[in-house]
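I have placed the structure first, in the form of structure tokens, so that the comments after it can refer back to it.
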Amino acid sequence: MAASTDSAEVPVLGPGQTYATVTDRISGVILTKETPRGWWIGFGIAFMVMMLMLFSLTVLFAKGVGVWGLDNTVAWGFAIVNFVWWVGIGHAGTLISAILLLFRQEWRNSINRFAEAMTIFAVANAGLFPIIHTGRPWLAYWLLPYPSMFQLWPQFRSPLLWDVFAISTYVTISLLFWYVGLIPDFATLRDMADNKVVRRIYGVFALGWRGAARHWAQYSRASLLLAALATPLVVSVHSVVSFDFAVSSVPGWHTTFLPPYFVSGAIFSGFAMVLTLAIPIRKYFHMEDFITDRHLENMAKVMLATGLIVFYAYIMEVFFAWYSGNQYEQFMIYNRMTGPYAPYYWSLILANGVIPQLLWFKRVRRTPWILFIIAIIVNIGMWLERFIIVVTSLHREYLPSTWTYYAGTFWDWSLYIGTLGFFFALIFLFLRVLPMINMFEMKELVHHLSHRGKEH
Amino acid sequence: MSESVYGLIARFDTPEAVVEATRRAREAGYKKMEAYSPFPIEELTEVLDFKPKIQYLVLIGGILGAITGFALQYYASVIAYPLIIGGRPFNSWPAFIVVEFELTILFAGLAAVFGMLGLNGFPHPYHPVFNAKDFNLVSRDKFFLVIESNDPRFDRDRTRAFLESLHPEEVTEVHP
């Protein structure tokens, strides 16, 4: 088997791990009274940045969307850019937890928990933006179909409404999937905790889980079915996000390849974010036995593959604009490459298209700090990509008399940076109170690896 | 029986041991038993001859979701608030596919989660087996087999002797 020769090289689990050491090592991070100093510093910074988000939201609600850089021509600014960026990041978590589970990729076991956490926190941020973008967020419930006094119903032929259903289904299913995965680990924490209050709290969330064989059977099948449901879901969510653009008649948006382009871009950016988180976390908490170089390398390979698809899409965008013979499409591309946003466009090509080519080299894939830098660059590149898609198509549309130049204001930037603080604050809280690695799946992995060892 | 017991519990160190013990207990004719482990073991499900039923609930959930999705959009767009948009018919079903799909997934997913919890009887805060000695290790690294006292073949001494013969680490009584 090709997989076993590969695993002989760098294992998916450090040597000498048993059921007990896995449990103690992972739960030890949580069941300790001593919160590491680095945690306080990290959480403190993230929390303060999160305050910036709350402040920006307060200003926004008090003064209205006029504090942003929007105008009549570019009505979709940072809010939509950030929305697409955050949703995309979320998709890697679902990919790791659902699609790799269906393909029985055992290496996913140690990264799926925090990748799923990342999904939920990223989607929480993503969900914020369309709501505040409406201008009157207190009326956001108008988007929901319910028998209202106005006798109005939502317009089900609009992709914007599809988005409401796609995102809310995605949040619900991701949260439930995450919680279901946590139940047996809550039971472990309940059984291992010395403190009575802590034991009670985890006990409530464990729902009385006791590891019965019949429960495990229902549980495993339910997890598998959830994975099978989440897989088409994640593809549909970002396809629907792309419909928001593709169904319109704006140059650069109205193309059929947008759904696969968006989905692969989402996975690309999501894996970049997983690497951004995984590399420092494994270093700080000394989890190298669980998140091995093999994990990093595999994630880098996924990044390379999806990055190539994205790069291909950039090239096709240009090709189709030329091939369409449509002067508006051609001008859009010409304006992108040479217009006022040309530096953004070429940085995006560099960040998403050129720099990821370094991942062809094994040395690069095996060197965590280089991977970390590439991942950060890709995160930025993917943000630029969404900015380019949203802004360059809008700011010089059909009528030259409406042309304008768009730039984010202070409040655009402060809100965006604030959501990063919110995201990292949640990640820090998650690392302190929930097991960052799925304990029962790691024990299952120990079990499987010991069997495989006997066969050789 | 003088003092009531829930059953007898045997503790094992390896998954292989508990699978073998469960198999032997089945062969000895015991019916009311349950094995406990820190992670899912497929062989145990086979030995206990247990067939999970969750998939039927998920199927029903998915079908209900699809019906709800279409019914909702049909009602809103054809009956309650008919509005001509882009010259399309009121029942423009191709445009309804996305929401219908999302609701199918949503309902099926909810059925999977809550169906699993319901079939397993959760939340279930109290269970006699939690009283067993060292049972808190079940979520760490130990494996248990319980033969319940309401099994027709259950006999305190003979069942204990039988469990002892399976090479467990320890056999104790579980009190309700």
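Scheme for the structure tokens: letters A, B, ... for chains in order shown; per-chain residue numbers from 1; ligand numbers from 1 in order shown.
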
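Proximity to region 49-65 of chain B at 7 Å, evaluated using only C-alpha atoms and with sequence-adjacent residues fewer than 6 positions away removed, yields A:Arg214, A:Ala217, A:Gln218, A:Ala222, B:Leu103, B:Thr104, B:Ile105, B:Phe107, B:Ala108, B:Ala111, B:Ala112, B:Gly115, B:Met116.
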
Keeping only all heavy atoms, take the residues you just selected and write them out as a compact mmCIF listing (two decimals), in the first residue's frame.
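Result saved to out_37.txt:
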```txt
# COMPACT_ATOMS: atom_id res chain seq x y z
N ARG A 214 -23.77 -0.06 21.95
CA ARG A 214 -24.93 0.25 21.10
C ARG A 214 -25.02 1.74 20.82
O ARG A 214 -25.41 2.15 19.73
CB ARG A 214 -26.21 -0.24 21.77
CG ARG A 214 -26.31 -1.76 21.80
CD ARG A 214 -27.58 -2.22 22.52
NE ARG A 214 -27.72 -3.66 22.46
CZ ARG A 214 -27.18 -4.51 23.32
NH1 ARG A 214 -26.43 -4.05 24.32
NH2 ARG A 214 -27.36 -5.81 23.20
N ALA A 217 -22.57 2.59 18.16
CA ALA A 217 -22.99 2.16 16.82
C ALA A 217 -23.90 3.21 16.20
O ALA A 217 -23.71 3.60 15.04
CB ALA A 217 -23.69 0.81 16.90
N GLN A 218 -24.92 3.67 16.97
CA GLN A 218 -25.81 4.71 16.45
C GLN A 218 -25.02 5.98 16.16
O GLN A 218 -25.23 6.67 15.16
CB GLN A 218 -26.90 5.07 17.47
CG GLN A 218 -27.78 3.92 17.88
CD GLN A 218 -28.97 3.71 16.96
OE1 GLN A 218 -28.92 4.12 15.80
NE2 GLN A 218 -29.98 3.04 17.44
N ALA A 222 -24.58 7.95 12.71
CA ALA A 222 -25.10 9.31 12.61
C ALA A 222 -24.00 10.26 12.15
O ALA A 222 -24.24 11.14 11.30
CB ALA A 222 -25.67 9.77 13.95
N LEU B 103 -33.10 23.02 2.70
CA LEU B 103 -33.99 22.53 3.75
C LEU B 103 -33.95 21.00 3.85
O LEU B 103 -34.11 20.44 4.93
CB LEU B 103 -35.42 23.02 3.51
CG LEU B 103 -35.64 24.50 3.80
CD1 LEU B 103 -37.08 24.89 3.58
CD2 LEU B 103 -35.25 24.86 5.22
N THR B 104 -33.72 20.33 2.72
CA THR B 104 -33.57 18.87 2.76
C THR B 104 -32.39 18.50 3.66
O THR B 104 -32.49 17.65 4.54
CB THR B 104 -33.32 18.32 1.34
OG1 THR B 104 -34.34 18.79 0.49
CG2 THR B 104 -33.26 16.81 1.33
N ILE B 105 -31.25 19.18 3.43
CA ILE B 105 -30.06 18.91 4.23
C ILE B 105 -30.32 19.26 5.69
O ILE B 105 -29.97 18.50 6.60
CB ILE B 105 -28.86 19.74 3.69
CG1 ILE B 105 -28.54 19.36 2.27
CG2 ILE B 105 -27.66 19.58 4.61
CD1 ILE B 105 -27.67 18.18 2.08
N PHE B 107 -33.15 19.43 7.45
CA PHE B 107 -34.05 18.51 8.16
C PHE B 107 -33.37 17.15 8.36
O PHE B 107 -33.49 16.53 9.41
CB PHE B 107 -35.37 18.34 7.39
CG PHE B 107 -36.37 19.44 7.63
CD1 PHE B 107 -35.98 20.78 7.60
CD2 PHE B 107 -37.70 19.15 7.89
CE1 PHE B 107 -36.90 21.80 7.82
CE2 PHE B 107 -38.62 20.17 8.12
CZ PHE B 107 -38.24 21.49 8.07
N ALA B 108 -32.66 16.68 7.34
CA ALA B 108 -31.98 15.39 7.46
C ALA B 108 -30.90 15.46 8.54
O ALA B 108 -30.74 14.54 9.35
CB ALA B 108 -31.37 14.98 6.13
N ALA B 111 -32.48 15.48 11.89
CA ALA B 111 -32.94 14.12 12.20
C ALA B 111 -31.77 13.24 12.63
O ALA B 111 -31.89 12.43 13.54
CB ALA B 111 -33.64 13.51 10.99
N ALA B 112 -30.61 13.42 11.98
CA ALA B 112 -29.44 12.60 12.34
C ALA B 112 -29.01 12.89 13.77
O ALA B 112 -28.76 11.97 14.55
CB ALA B 112 -28.29 12.87 11.37
N GLY B 115 -32.17 12.39 16.25
CA GLY B 115 -32.52 10.97 16.18
C GLY B 115 -31.51 10.12 16.92
O GLY B 115 -31.86 9.23 17.70
N MET B 116 -30.23 10.45 16.74
CA MET B 116 -29.18 9.70 17.45
C MET B 116 -29.34 9.88 18.94
O MET B 116 -29.31 8.92 19.70
CB MET B 116 -27.81 10.19 16.97
CG MET B 116 -26.62 9.46 17.54
SD MET B 116 -26.07 10.10 19.13
CE MET B 116 -25.31 11.64 18.64
```

Problem set entry | chain B contacts on chain A, only C-alpha atoms, 7 Å, as a ChimeraX atom specification | /A:19-20,23,152-153,156-157,162,165-166,169,173,187-188,191,207-208,211-219,222,226,229,440,443-444

For this session: From a DSSP pass on the backbone, collect the residues of region 26-143 of chain B flagged as alpha helix (DSSP H) and hand them back as a PyMOL selection string.
Result: chain B and resi 26-27+42-47+54-74+93-119

Problem set entry | Point-to-point distance in Å for CA of Arg108 (chain A) and CA of Asn298 (chain A) | 9.5 Å

Exercise. Leaving out region 151-165 of chain B and any residue of its chain fewer than 5 positions from it, which residues lie within 7 Å of it when counting only C-alpha atoms, given as a ChimeraX atom specification?
Worked result: /B:8,10,30-32,171

Please write the residues from the selection above to a file, keeping N, CA, C and O atoms, as an mmCIF file, in the first residue's frame.
```cif
data_model
loop_
_atom_site.group_PDB
_atom_site.id
_atom_site.type_symbol
_atom_site.label_atom_id
_atom_site.label_comp_id
_atom_site.auth_asym_id
_atom_site.auth_seq_id
_atom_site.Cartn_x
_atom_site.Cartn_y
_atom_site.Cartn_z
ATOM 1 N N LEU B 8 -23.257 -7.478 36.936
ATOM 2 C CA LEU B 8 -21.841 -7.664 37.231
ATOM 3 C C LEU B 8 -21.023 -7.029 36.117
ATOM 4 O O LEU B 8 -21.386 -7.117 34.937
ATOM 5 N N ALA B 10 -17.173 -6.470 34.357
ATOM 6 C CA ALA B 10 -15.789 -6.935 34.245
ATOM 7 C C ALA B 10 -14.995 -5.870 33.517
ATOM 8 O O ALA B 10 -15.471 -5.286 32.533
ATOM 9 N N TYR B 30 -25.942 -15.625 27.384
ATOM 10 C CA TYR B 30 -26.400 -14.389 28.022
ATOM 11 C C TYR B 30 -26.973 -13.452 26.969
ATOM 12 O O TYR B 30 -26.480 -13.361 25.848
ATOM 13 N N LYS B 31 -28.074 -12.784 27.362
ATOM 14 C CA LYS B 31 -28.729 -11.875 26.409
ATOM 15 C C LYS B 31 -28.605 -10.411 26.844
ATOM 16 O O LYS B 31 -28.379 -9.539 26.019
ATOM 17 N N LYS B 32 -28.831 -10.159 28.126
ATOM 18 C CA LYS B 32 -28.879 -8.774 28.604
ATOM 19 C C LYS B 32 -27.473 -8.327 28.997
ATOM 20 O O LYS B 32 -27.035 -8.560 30.128
ATOM 21 N N VAL B 171 -13.586 -8.094 38.509
ATOM 22 C CA VAL B 171 -15.033 -8.218 38.369
ATOM 23 C C VAL B 171 -15.661 -7.653 39.636
ATOM 24 O O VAL B 171 -15.256 -7.997 40.743
#
```

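Taking CA of Met436 (chain A) and CA of Ile417 (chain A) as endpoints, the distance between them is 24.7 Å.
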